[in-house]
>>> print(open('upload.pdb').read())   # PDB, C-alpha atoms
ATOM      1  CA  GLN A   1     -22.158  -1.291  -4.574
ATOM      2  CA  VAL A   2     -19.803   1.635  -4.077
ATOM      3  CA  GLN A   3     -20.019   3.287  -0.697
ATOM      4  CA  LEU A   4     -18.159   5.978   1.190
ATOM      5  CA  GLU A   5     -18.481   6.061   4.955
ATOM      6  CA  GLU A   6     -17.324   9.002   7.036
ATOM      7  CA  SER A   7     -16.516   8.808  10.730
ATOM      8  CA  GLY A   8     -14.854  10.853  13.417
ATOM      9  CA  GLY A   9     -17.313  13.702  13.769
ATOM     10  CA  GLY A  10     -18.573  14.918  17.102
ATOM     11  CA  LEU A  11     -18.814  17.792  19.541
ATOM     12  CA  VAL A  12     -15.656  19.686  20.431
ATOM     13  CA  GLN A  13     -14.822  22.991  22.067
ATOM     14  CA  ALA A  14     -13.316  25.836  20.082
ATOM     15  CA  GLY A  15      -9.590  25.306  19.721
ATOM     16  CA  GLY A  16      -9.941  21.545  19.795
ATOM     17  CA  SER A  17      -9.243  18.913  17.163
ATOM     18  CA  LEU A  18     -11.066  16.198  15.308
ATOM     19  CA  ARG A  19      -9.898  13.613  12.801
ATOM     20  CA  LEU A  20     -12.349  12.648  10.102
ATOM     21  CA  SER A  21     -11.945   9.425   8.148
ATOM     22  CA  CYS A  22     -13.659   8.266   4.999
ATOM     23  CA  VAL A  23     -13.426   4.664   3.902
ATOM     24  CA  GLY A  24     -14.480   3.482   0.487
ATOM     25  CA  SER A  25     -15.912   0.076  -0.277
ATOM     26  CA  GLY A  26     -17.048  -1.663  -3.409
ATOM     27  CA  ARG A  27     -14.268  -0.108  -5.486
ATOM     28  CA  MET A  28     -10.670   0.987  -5.004
ATOM     29  CA  PHE A  29     -10.060   4.729  -5.295
ATOM     30  CA  ARG A  30      -6.276   4.785  -5.418
ATOM     31  CA  ARG A  31      -6.374   6.334  -8.897
ATOM     32  CA  HIS A  32      -8.904   9.032  -8.013
ATOM     33  CA  LEU A  33      -8.764  12.503  -6.558
ATOM     34  CA  MET A  34     -10.618  12.644  -3.228
ATOM     35  CA  GLY A  35     -12.127  15.606  -1.461
ATOM     36  CA  TRP A  36     -14.012  16.922   1.533
ATOM     37  CA  PHE A  37     -16.978  19.274   1.503
ATOM     38  CA  ARG A  38     -19.169  20.636   4.265
ATOM     39  CA  ARG A  39     -22.655  22.051   4.714
ATOM     40  CA  ALA A  40     -23.236  24.465   7.570
ATOM     41  CA  PRO A  41     -26.758  25.056   8.926
ATOM     42  CA  GLY A  42     -28.737  27.198   6.513
ATOM     43  CA  LYS A  43     -25.952  27.305   3.928
ATOM     44  CA  GLU A  44     -25.042  25.554   0.719
ATOM     45  CA  ARG A  45     -22.477  22.812   0.643
ATOM     46  CA  GLU A  46     -18.958  24.169   0.176
ATOM     47  CA  PHE A  47     -15.568  22.799  -0.734
ATOM     48  CA  VAL A  48     -13.068  22.207   2.077
ATOM     49  CA  SER A  49     -10.088  20.281   0.747
ATOM     50  CA  ALA A  50      -8.891  17.843  -1.909
ATOM     51  CA  ILE A  51      -5.940  15.578  -2.576
ATOM     52  CA  THR A  52      -4.720  14.114  -5.850
ATOM     53  CA  TRP A  53      -4.626  10.365  -6.445
ATOM     54  CA  SER A  54      -0.865  10.274  -5.900
ATOM     55  CA  ALA A  55      -1.111  12.476  -2.794
ATOM     56  CA  GLY A  56       1.360  14.746  -4.538
ATOM     57  CA  SER A  57      -0.818  17.828  -4.259
ATOM     58  CA  THR A  58      -3.371  19.155  -1.835
ATOM     59  CA  TYR A  59      -5.789  22.052  -1.951
ATOM     60  CA  TYR A  60      -7.645  23.897   0.793
ATOM     61  CA  THR A  61     -10.255  26.571   0.950
ATOM     62  CA  ASP A  62      -8.820  29.732   2.480
ATOM     63  CA  SER A  63     -10.771  29.508   5.721
ATOM     64  CA  VAL A  64      -9.139  26.220   6.748
ATOM     65  CA  LYS A  65      -5.569  26.723   5.498
ATOM     66  CA  GLY A  66      -3.034  26.156   8.229
ATOM     67  CA  ARG A  67      -5.596  24.381  10.431
ATOM     68  CA  PHE A  68      -6.777  21.378   8.389
ATOM     69  CA  THR A  69      -4.641  18.694   6.763
ATOM     70  CA  ILE A  70      -5.837  16.202   4.191
ATOM     71  CA  SER A  71      -4.089  12.891   3.611
ATOM     72  CA  ARG A  72      -4.856   9.511   2.138
ATOM     73  CA  ASP A  73      -3.948   5.880   2.532
ATOM     74  CA  ASN A  74      -4.534   4.194  -0.803
ATOM     75  CA  ALA A  75      -3.907   0.728   0.587
ATOM     76  CA  LYS A  76      -6.822   1.275   2.962
ATOM     77  CA  ASN A  77      -8.969   3.160   0.455
ATOM     78  CA  THR A  78      -9.161   5.973   2.982
ATOM     79  CA  VAL A  79      -8.962   9.752   3.029
ATOM     80  CA  ILE A  80      -8.349  11.619   6.273
ATOM     81  CA  LEU A  81      -9.093  15.186   7.306
ATOM     82  CA  GLN A  82      -7.210  16.289  10.402
ATOM     83  CA  MET A  83      -8.873  19.384  11.794
ATOM     84  CA  ASN A  84      -7.049  21.487  14.376
ATOM     85  CA  SER A  85      -7.789  24.828  16.006
ATOM     86  CA  LEU A  86     -11.455  24.340  15.307
ATOM     87  CA  LYS A  87     -13.754  27.332  15.325
ATOM     88  CA  PRO A  88     -17.537  27.562  15.807
ATOM     89  CA  GLU A  89     -17.829  28.498  12.138
ATOM     90  CA  ASP A  90     -16.457  25.055  11.243
ATOM     91  CA  THR A  91     -19.698  23.550  12.514
ATOM     92  CA  ALA A  92     -21.219  21.592   9.625
ATOM     93  CA  VAL A  93     -21.932  18.202   8.199
ATOM     94  CA  TYR A  94     -18.753  17.029   6.493
ATOM     95  CA  TYR A  95     -18.882  14.900   3.357
ATOM     96  CA  CYS A  96     -16.173  13.019   1.549
ATOM     97  CA  ALA A  97     -16.310  12.627  -2.196
ATOM     98  CA  VAL A  98     -14.443  10.828  -4.958
ATOM     99  CA  ASP A  99     -13.671  12.115  -8.445
ATOM    100  CA  GLY A 100     -15.206  10.124 -11.273
ATOM    101  CA  VAL A 101     -12.077  10.485 -13.433
ATOM    102  CA  GLU A 102      -8.881   8.531 -12.873
ATOM    103  CA  PHE A 103      -5.422  10.051 -12.605
ATOM    104  CA  ARG A 104      -6.565  13.686 -12.401
ATOM    105  CA  ASP A 105      -3.409  15.524 -11.354
ATOM    106  CA  SER A 106      -4.756  19.053 -11.623
ATOM    107  CA  LEU A 107      -6.601  20.541  -8.679
ATOM    108  CA  VAL A 108      -8.101  23.355 -10.754
ATOM    109  CA  ALA A 109     -11.527  21.700 -10.749
ATOM    110  CA  ALA A 110     -11.253  20.120  -7.310
ATOM    111  CA  SER A 111     -13.593  22.613  -5.666
ATOM    112  CA  GLN A 112     -16.399  21.868  -8.124
ATOM    113  CA  GLU A 113     -18.981  19.338  -6.978
ATOM    114  CA  LYS A 114     -19.648  18.242 -10.552
ATOM    115  CA  ILE A 115     -16.392  16.293 -10.845
ATOM    116  CA  TYR A 116     -17.279  14.021  -7.941
ATOM    117  CA  ASP A 117     -19.272  10.898  -8.718
ATOM    118  CA  TYR A 118     -19.334   9.334  -5.266
ATOM    119  CA  TRP A 119     -20.419  10.905  -1.993
ATOM    120  CA  GLY A 120     -20.651   9.784   1.593
ATOM    121  CA  GLN A 121     -23.632  10.375   3.862
ATOM    122  CA  GLY A 122     -21.788  12.886   6.001
ATOM    123  CA  THR A 123     -20.632  13.201   9.584
ATOM    124  CA  GLN A 124     -21.663  16.007  11.932
ATOM    125  CA  VAL A 125     -19.011  18.285  13.387
ATOM    126  CA  THR A 126     -20.124  20.719  16.077
ATOM    127  CA  VAL A 127     -17.728  23.248  17.576
ATOM    128  CA  SER A 128     -18.894  25.034  20.708
ATOM    129  CA  SER A 129     -17.632  28.463  21.697
TER     130      SER A 129
END
>>> encode(input="upload.pdb", output="structure tokens")
Amino acid sequence: QVQLEESGGGLVQAGGSLRLSCVGSGRMFRRHLMGWFRRAPGKEREFVSAITWSAGSTYYTDSVKGRFTISRDNAKNTVILQMNSLKPEDTAVYYCAVDGVEFRDSLVAASQEKIYDYWGQGTQVTVSS
């Protein structure tokens, strides 16, 4: 059974940092694009960041550019989201996701939920002002 498990969420003051991790089990994802999404209270889930299978390219939504960094460790089947300079508007449940297609090098579709076949249960991030 394929599973994705996020960790690292919590409560932090504005300006602080958190490091989210997502570990996959049941299947290796080294050949798959991986991404992060988030759902804020009362809002739809939105794209945050993605990284290609080779880690050669990354993509961020404008609101997190320069503050968040995505990385991956294929040997550990893990994708990381380092979040710095957090703002109250970053408060959300954060989800990791894995592309259903192997070796996708283009990030054009990375922000679209439909390309992702596997999703984690989410981890809560709360940023206080």
>>> closest_residue(input="upload.pdb", among="A:Gln121, A:Arg45, A:Arg30, A:Val79", to="Val101 of chain A", atoms="all atoms listed in the file")
A:Arg30
>>> atom_distance(input="upload.pdb", atom1="atom CA of Gly26 of chain A", atom2="atom CA of Glu5 of chain A")
11.5 Å
>>> closest_residue(input="upload.pdb", among="A:Leu18, A:Gln1, A:Ser111, A:Pro41", to="Thr69 of chain A", atoms="all atoms listed in the file")
A:Leu18
>>> resolve_selection(input="upload.pdb", expression="the PyMOL selection byres ((chain A and resi 84) around 12)", output="PDB file with C-alpha atoms, in the frame of the given file")
ATOM      1  CA  VAL A  12     -15.656  19.686  20.431  1.00  0.00           C
ATOM      2  CA  GLN A  13     -14.822  22.991  22.067  1.00  0.00           C
ATOM      3  CA  ALA A  14     -13.316  25.836  20.082  1.00  0.00           C
ATOM      4  CA  GLY A  15      -9.590  25.306  19.721  1.00  0.00           C
ATOM      5  CA  GLY A  16      -9.941  21.545  19.795  1.00  0.00           C
ATOM      6  CA  SER A  17      -9.243  18.913  17.163  1.00  0.00           C
ATOM      7  CA  LEU A  18     -11.066  16.198  15.308  1.00  0.00           C
ATOM      8  CA  ARG A  19      -9.898  13.613  12.801  1.00  0.00           C
ATOM      9  CA  LEU A  20     -12.349  12.648  10.102  1.00  0.00           C
ATOM     10  CA  VAL A  64      -9.139  26.220   6.748  1.00  0.00           C
ATOM     11  CA  LYS A  65      -5.569  26.723   5.498  1.00  0.00           C
ATOM     12  CA  GLY A  66      -3.034  26.156   8.229  1.00  0.00           C
ATOM     13  CA  ARG A  67      -5.596  24.381  10.431  1.00  0.00           C
ATOM     14  CA  PHE A  68      -6.777  21.378   8.389  1.00  0.00           C
ATOM     15  CA  THR A  69      -4.641  18.694   6.763  1.00  0.00           C
ATOM     16  CA  ILE A  70      -5.837  16.202   4.191  1.00  0.00           C
ATOM     17  CA  LEU A  81      -9.093  15.186   7.306  1.00  0.00           C
ATOM     18  CA  GLN A  82      -7.210  16.289  10.402  1.00  0.00           C
ATOM     19  CA  MET A  83      -8.873  19.384  11.794  1.00  0.00           C
ATOM     20  CA  SER A  85      -7.789  24.828  16.006  1.00  0.00           C
ATOM     21  CA  LEU A  86     -11.455  24.340  15.307  1.00  0.00           C
ATOM     22  CA  LYS A  87     -13.754  27.332  15.325  1.00  0.00           C
ATOM     23  CA  ASP A  90     -16.457  25.055  11.243  1.00  0.00           C
ATOM     24  CA  VAL A 127     -17.728  23.248  17.576  1.00  0.00           C
TER      25      VAL A 127
END
>>> residues_around(input="upload.pdb", residues="Arg31 of chain A", least_positions_apart="5", cutoff="8 Å", atoms="only C-alpha atoms", output="list in words")
Trp53, Ser54, Glu102 and Phe103 of chain A
>>> write_last_selection(input="upload.pdb", atoms="C-alpha atoms", output="tab-separated table (two decimals), keeping the file's coordinate frame")
chain	number	residue	atom	x	y	z
A	53	TRP	CA	-4.63	10.36	-6.44
A	54	SER	CA	-0.86	10.27	-5.90
A	102	GLU	CA	-8.88	8.53	-12.87
A	103	PHE	CA	-5.42	10.05	-12.60
>>> atom_distance(input="upload.pdb", atom1="atom CA of Met28 of chain A", atom2="atom CA of Gln3 of chain A")
10.5 Å
>>> closest_residue(input="upload.pdb", among="A:Val125, A:Val98, A:Ala109, A:Ile115", to="Arg27 of chain A", atoms="all atoms listed in the file")
A:Val98
>>> closest_residue(input="upload.pdb", among="A:Cys22, A:Ala75, A:Leu107, A:Leu11", to="Thr61 of chain A", atoms="all atoms listed in the file")
A:Leu107
>>> atom_distance(input="upload.pdb", atom1="atom CA of Asp117 of chain A", atom2="atom CA of Arg39 of chain A")
17.8 Å
>>> resolve_selection(input="upload.pdb", expression="the PyMOL selection byres ((chain A and resi 56) around 12)", output="list in words")
Leu33, Ala50, Ile51, Thr52, Trp53, Ser54, Ala55, Ser57, Thr58, Tyr59, Ile70, Ser71, Arg72, Phe103, Arg104, Asp105, Ser106 and Leu107 of chain A
>>> build_atoms(input="upload.pdb", residues="segment 24-53 of chain A", atoms="N, CA and C atoms", output="mmCIF file, in the frame of the given file")
data_model
loop_
_atom_site.group_PDB
_atom_site.id
_atom_site.type_symbol
_atom_site.label_atom_id
_atom_site.label_comp_id
_atom_site.auth_asym_id
_atom_site.auth_seq_id
_atom_site.Cartn_x
_atom_site.Cartn_y
_atom_site.Cartn_z
ATOM 1 N N GLY A 24 -13.725 3.910 1.645
ATOM 2 C CA GLY A 24 -14.480 3.482 0.487
ATOM 3 C C GLY A 24 -14.592 1.970 0.431
ATOM 4 N N SER A 25 -15.714 1.510 -0.086
ATOM 5 C CA SER A 25 -15.912 0.076 -0.277
ATOM 6 C C SER A 25 -16.606 -0.144 -1.608
ATOM 7 N N GLY A 26 -16.428 -1.333 -2.134
ATOM 8 C CA GLY A 26 -17.048 -1.663 -3.409
ATOM 9 C C GLY A 26 -16.190 -1.312 -4.608
ATOM 10 N N ARG A 27 -15.157 -0.518 -4.394
ATOM 11 C CA ARG A 27 -14.268 -0.108 -5.486
ATOM 12 C C ARG A 27 -13.044 0.529 -4.852
ATOM 13 N N MET A 28 -11.886 0.340 -5.489
ATOM 14 C CA MET A 28 -10.670 0.987 -5.004
ATOM 15 C C MET A 28 -10.549 2.369 -5.637
ATOM 16 N N PHE A 29 -10.132 3.345 -4.827
ATOM 17 C CA PHE A 29 -10.060 4.729 -5.295
ATOM 18 C C PHE A 29 -8.630 5.247 -5.367
ATOM 19 N N ARG A 30 -7.669 4.351 -5.437
ATOM 20 C CA ARG A 30 -6.276 4.785 -5.418
ATOM 21 C C ARG A 30 -5.902 5.623 -6.632
ATOM 22 N N ARG A 31 -6.687 5.561 -7.693
ATOM 23 C CA ARG A 31 -6.374 6.334 -8.897
ATOM 24 C C ARG A 31 -7.238 7.582 -9.033
ATOM 25 N N HIS A 32 -7.932 7.938 -7.953
ATOM 26 C CA HIS A 32 -8.904 9.032 -8.013
ATOM 27 C C HIS A 32 -8.601 10.143 -7.018
ATOM 28 N N LEU A 33 -8.822 11.355 -7.462
ATOM 29 C CA LEU A 33 -8.764 12.503 -6.558
ATOM 30 C C LEU A 33 -9.891 12.358 -5.535
ATOM 31 N N MET A 34 -9.617 12.731 -4.288
ATOM 32 C CA MET A 34 -10.618 12.644 -3.228
ATOM 33 C C MET A 34 -10.727 13.992 -2.529
ATOM 34 N N GLY A 35 -11.916 14.301 -2.071
ATOM 35 C CA GLY A 35 -12.127 15.606 -1.461
ATOM 36 C C GLY A 35 -13.063 15.582 -0.276
ATOM 37 N N TRP A 36 -13.094 16.708 0.420
ATOM 38 C CA TRP A 36 -14.012 16.922 1.533
ATOM 39 C C TRP A 36 -14.811 18.201 1.271
ATOM 40 N N PHE A 37 -16.086 18.131 1.566
ATOM 41 C CA PHE A 37 -16.978 19.274 1.503
ATOM 42 C C PHE A 37 -17.702 19.381 2.846
ATOM 43 N N ARG A 38 -18.377 20.494 3.049
ATOM 44 C CA ARG A 38 -19.169 20.636 4.265
ATOM 45 C C ARG A 38 -20.400 21.504 3.998
ATOM 46 N N ARG A 39 -21.436 21.252 4.789
ATOM 47 C CA ARG A 39 -22.655 22.051 4.714
ATOM 48 C C ARG A 39 -22.992 22.543 6.104
ATOM 49 N N ALA A 40 -22.878 23.857 6.282
ATOM 50 C CA ALA A 40 -23.236 24.465 7.570
ATOM 51 C C ALA A 40 -24.743 24.701 7.607
ATOM 52 N N PRO A 41 -25.309 24.824 8.798
ATOM 53 C CA PRO A 41 -26.758 25.056 8.926
ATOM 54 C C PRO A 41 -27.200 26.278 8.128
ATOM 55 N N GLY A 42 -28.195 26.091 7.283
ATOM 56 C CA GLY A 42 -28.737 27.198 6.513
ATOM 57 C C GLY A 42 -27.899 27.650 5.338
ATOM 58 N N LYS A 43 -26.838 26.904 5.019
ATOM 59 C CA LYS A 43 -25.952 27.305 3.928
ATOM 60 C C LYS A 43 -25.830 26.193 2.903
ATOM 61 N N GLU A 44 -25.291 26.547 1.740
ATOM 62 C CA GLU A 44 -25.042 25.554 0.719
ATOM 63 C C GLU A 44 -23.769 24.773 1.039
ATOM 64 N N ARG A 45 -23.684 23.610 0.458
ATOM 65 C CA ARG A 45 -22.477 22.812 0.643
ATOM 66 C C ARG A 45 -21.293 23.529 -0.005
ATOM 67 N N GLU A 46 -20.140 23.484 0.678
ATOM 68 C CA GLU A 46 -18.958 24.169 0.176
ATOM 69 C C GLU A 46 -17.749 23.252 0.209
ATOM 70 N N PHE A 47 -16.815 23.559 -0.655
ATOM 71 C CA PHE A 47 -15.568 22.799 -0.734
ATOM 72 C C PHE A 47 -14.689 23.092 0.483
ATOM 73 N N VAL A 48 -14.007 22.052 0.962
ATOM 74 C CA VAL A 48 -13.068 22.207 2.077
ATOM 75 C C VAL A 48 -11.639 21.890 1.635
ATOM 76 N N SER A 49 -11.445 20.702 1.071
ATOM 77 C CA SER A 49 -10.088 20.281 0.747
ATOM 78 C C SER A 49 -10.128 19.140 -0.253
ATOM 79 N N ALA A 50 -9.010 18.950 -0.974
ATOM 80 C CA ALA A 50 -8.891 17.843 -1.909
ATOM 81 C C ALA A 50 -7.447 17.394 -1.995
ATOM 82 N N ILE A 51 -7.269 16.152 -2.439
ATOM 83 C CA ILE A 51 -5.940 15.578 -2.576
ATOM 84 C C ILE A 51 -5.913 14.740 -3.844
ATOM 85 N N THR A 52 -4.832 14.873 -4.605
ATOM 86 C CA THR A 52 -4.720 14.114 -5.850
ATOM 87 C C THR A 52 -4.525 12.628 -5.574
ATOM 88 N N TRP A 53 -4.693 11.817 -6.605
ATOM 89 C CA TRP A 53 -4.626 10.365 -6.445
ATOM 90 C C TRP A 53 -3.269 9.920 -5.928
#
